[in-house]
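Q: This is the structure, below, for whatever I ask next.
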Amino acid sequence: EGLGISRGAEAIRQERIFQASPKRAYEALTDAQQFDKVMRLSAAMRSMATETKPAEISREAGGAFSVFGGYVTGRQIELVPNQRIVQVWHSQSWKDGDYSIVKFEFVDQGAGCKIVLEHRGFPDGTAEHLAVGWNENYWEPLQQYLDGHS
């Protein structure tokens with residue numbers, strides 16, 4: 001699977017198809033209890049031996065979120081139910097004040113949906129790590145979660 005990295009002004013664009021409605025997929029990414037279950041299936045969480053604090057996700061624009069035990073934090077910028085999520089995103093490994101923009105678009109595909117991710121504005125040199133992270137910590141566990149709960 002290509003990592004979808006464009007050089008220059010680095011950005012990541014990835015698309016994934018899920019056998020779930022846009023509503024189901026949107027809920028899994030915005031409902032803290034559901035995302036917590038997705039998170040626990042991820043490579044990142046499986047490698048953490050300690051009990052991590054649960055996901056906290058505001059369902060209001062301007063509200064905060066904290067996932068992966070606080071490793072990723074930020075704010076919801078725009079929430080259009082079943083269509084779009086836009087977030088300001090900060091990783092604990094970055095310098096204070098470094099933020100990026102993450103956008104998820106949900107495209108109805110009849111029997112399922114396509115999620116289009118765009119991630120831009122992250123610190124130089126982190127694209128590869130982030131692109132792999134999206135696969136291991138979002139797409140793969142989300143697939144497992146949605147397949148098990150459709």
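In the structure tokens, the first chain shown is A, the next is B, and so on; residue numbers restart at 1 for each chain, and ligands run from 1 in the order shown.
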According to DSSP computed on the backbone, where in range 8-64 of chain A is there helix (DSSP H, G or I)? Give the residues as a list in words.

A: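 Across range 8-64 of chain A, those assigned helix (DSSP H, G or I) are Pro22, Lys23, Arg24, Ala25, Tyr26, Glu27, Ala28, Leu29, Thr30, Ala32, Gln33, Gln34, Phe35, Asp36, Lys37, Val38, Met39, Arg40, Ala43, Ala44, Met45, Arg46 and Ser47 of chain A.
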
Q: Just the residues within 8 Å of Leu117 in chain A, please, counting only C-alpha atoms, with nothing from its chain fewer than 4 positions along; format it as a list in words.

A: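 Here the answer would be Ile12, Arg13, Gln14, Glu15, Val102, Lys103, Phe104 and Glu105 of chain A.
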
Q: How close does each residue of range 5-114 of chain A get to range 127-149 of chain A, giving the shortest atom pair and distance in Å to one decimal for every residue with an atom at most 6 Å away, counting only C-alpha atoms, sorted by chain and residue number, as a Markdown table?

A:
| residue | atom | partner | partner_atom | distance |
| --- | --- | --- | --- | --- |
| A:Val38 | CA | A:Pro141 | CA | 5.4 |
| A:Leu41 | CA | A:Pro141 | CA | 5.1 |
| A:Ser42 | CA | A:Asn137 | CA | 4.6 |
| A:Ala43 | CA | A:Glu136 | CA | 5.7 |

Q: Could you give me, as a VMD selection string, the residues within 10 Å of range 78-92 of chain A, counting only C-alpha atoms and dropping anything in the same chain fewer than 2 positions from it?

A: chain A and resid 21 to 27 29 to 30 59 to 66 70 to 76 94 to 108 115 to 122 130

Q: Quick one: write out the picked residues with C-alpha atoms as a PDB file, in the first residue's frame?

A:
ATOM      1  CA  SER A  21     -22.109   3.282   6.254  1.00  0.00           C
ATOM      2  CA  PRO A  22     -20.647   6.802   6.497  1.00  0.00           C
ATOM      3  CA  LYS A  23     -22.726   7.177   9.680  1.00  0.00           C
ATOM      4  CA  ARG A  24     -21.114   4.098  11.300  1.00  0.00           C
ATOM      5  CA  ALA A  25     -17.613   5.213  10.316  1.00  0.00           C
ATOM      6  CA  TYR A  26     -18.227   8.804  11.466  1.00  0.00           C
ATOM      7  CA  GLU A  27     -19.561   7.561  14.806  1.00  0.00           C
ATOM      8  CA  LEU A  29     -14.230   8.365  14.973  1.00  0.00           C
ATOM      9  CA  THR A  30     -16.286  10.856  17.005  1.00  0.00           C
ATOM     10  CA  ARG A  59     -18.541  16.219  19.675  1.00  0.00           C
ATOM     11  CA  GLU A  60     -18.708  20.014  19.398  1.00  0.00           C
ATOM     12  CA  ALA A  61     -16.701  22.260  17.072  1.00  0.00           C
ATOM     13  CA  GLY A  62     -14.052  23.984  19.201  1.00  0.00           C
ATOM     14  CA  GLY A  63     -14.040  21.109  21.697  1.00  0.00           C
ATOM     15  CA  ALA A  64     -10.888  19.223  22.665  1.00  0.00           C
ATOM     16  CA  PHE A  65      -9.892  15.631  22.104  1.00  0.00           C
ATOM     17  CA  SER A  66      -7.198  13.393  23.562  1.00  0.00           C
ATOM     18  CA  GLY A  70      -2.838  11.663  25.497  1.00  0.00           C
ATOM     19  CA  TYR A  71      -0.137  11.099  22.871  1.00  0.00           C
ATOM     20  CA  VAL A  72      -2.345  12.864  20.309  1.00  0.00           C
ATOM     21  CA  THR A  73      -4.348  15.912  21.387  1.00  0.00           C
ATOM     22  CA  GLY A  74      -6.130  18.738  19.626  1.00  0.00           C
ATOM     23  CA  ARG A  75      -9.422  20.421  18.845  1.00  0.00           C
ATOM     24  CA  GLN A  76     -12.366  19.748  16.610  1.00  0.00           C
ATOM     25  CA  TRP A  94       6.462  17.460  18.511  1.00  0.00           C
ATOM     26  CA  LYS A  95       7.620  20.811  19.877  1.00  0.00           C
ATOM     27  CA  ASP A  96       5.063  22.798  21.867  1.00  0.00           C
ATOM     28  CA  GLY A  97       3.061  24.942  19.491  1.00  0.00           C
ATOM     29  CA  ASP A  98       3.483  22.604  16.501  1.00  0.00           C
ATOM     30  CA  TYR A  99       0.038  21.732  15.167  1.00  0.00           C
ATOM     31  CA  SER A 100      -1.208  20.169  11.968  1.00  0.00           C
ATOM     32  CA  ILE A 101      -4.579  19.905  10.253  1.00  0.00           C
ATOM     33  CA  VAL A 102      -6.311  16.571   9.767  1.00  0.00           C
ATOM     34  CA  LYS A 103      -9.403  16.221   7.594  1.00  0.00           C
ATOM     35  CA  PHE A 104     -11.561  13.121   7.167  1.00  0.00           C
ATOM     36  CA  GLU A 105     -14.137  13.117   4.352  1.00  0.00           C
ATOM     37  CA  PHE A 106     -16.755  10.343   4.284  1.00  0.00           C
ATOM     38  CA  VAL A 107     -17.947   9.312   0.816  1.00  0.00           C
ATOM     39  CA  ASP A 108     -20.975   7.045   0.484  1.00  0.00           C
ATOM     40  CA  ILE A 115     -12.814   7.755   4.007  1.00  0.00           C
ATOM     41  CA  VAL A 116     -10.435  10.275   2.472  1.00  0.00           C
ATOM     42  CA  LEU A 117      -7.795  11.530   4.887  1.00  0.00           C
ATOM     43  CA  GLU A 118      -5.763  14.677   4.322  1.00  0.00           C
ATOM     44  CA  HIS A 119      -3.065  15.569   6.830  1.00  0.00           C
ATOM     45  CA  ARG A 120      -0.946  18.684   6.347  1.00  0.00           C
ATOM     46  CA  GLY A 121       1.132  21.186   8.275  1.00  0.00           C
ATOM     47  CA  PHE A 122       3.053  18.624  10.332  1.00  0.00           C
ATOM     48  CA  LEU A 130       2.756   9.649  10.344  1.00  0.00           C
TER      49      LEU A 130
END

Q: Give me the residues within 12 Å of Glu51 in chain A as a CSV table (one decimal) with N, CA and C atoms, in the first residue's frame, counting only C-alpha atoms and dropping any in the same chain fewer than 4 places off.

A:
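This went into result17.csv:
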chain,number,residue,atom,x,y,z
A,40,ARG,N,-7.8,0.6,21.0
A,40,ARG,CA,-7.3,-0.6,21.7
A,40,ARG,C,-6.9,-1.7,20.8
A,45,MET,N,-1.3,1.0,20.8
A,45,MET,CA,-1.8,0.7,22.1
A,45,MET,C,-1.4,-0.7,22.5
A,46,ARG,N,-1.2,-1.6,21.5
A,46,ARG,CA,-0.8,-3.0,21.9
A,46,ARG,C,0.6,-3.0,22.4
A,47,SER,N,1.4,-2.0,21.9
A,47,SER,CA,2.8,-1.9,22.4
A,47,SER,C,3.0,-1.2,23.7
A,68,PHE,N,-5.1,8.0,22.3
A,68,PHE,CA,-3.8,7.2,22.4
A,68,PHE,C,-3.1,7.6,23.7
A,69,GLY,N,-3.9,7.6,24.8
A,69,GLY,CA,-3.4,7.9,26.1
A,69,GLY,C,-2.8,9.3,26.3

Q: Would you compute the distance between CA of Asp31 in chain A and CA of Ala11 in chain A? Give it in Å to one decimal.

A: 26.4 Å

Q: Can you tell me, as a compact mmCIF listing (two decimals) with N, CA and C atoms, in the first residue's frame, which residues in range 29-67 of chain A count as strand (DSSP E) by DSSP?

A:
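Listed below is the output, part.txt:
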# COMPACT_ATOMS: atom_id res chain seq x y z
N GLU A 56 -10.83 10.73 24.92
CA GLU A 56 -11.80 11.79 25.21
C GLU A 56 -11.98 12.55 23.92
N ILE A 57 -13.22 12.64 23.45
CA ILE A 57 -13.47 13.29 22.16
C ILE A 57 -14.70 14.17 22.28
N ALA A 64 -12.19 19.90 22.66
CA ALA A 64 -10.89 19.22 22.66
C ALA A 64 -11.03 17.71 22.51
N PHE A 65 -9.95 17.09 22.08
CA PHE A 65 -9.89 15.63 22.10
C PHE A 65 -8.51 15.19 22.56
N SER A 66 -8.45 13.99 23.11
CA SER A 66 -7.20 13.39 23.56
C SER A 66 -7.32 11.90 23.32
N VAL A 67 -6.42 11.35 22.48
CA VAL A 67 -6.49 9.93 22.14
C VAL A 67 -5.11 9.29 22.28
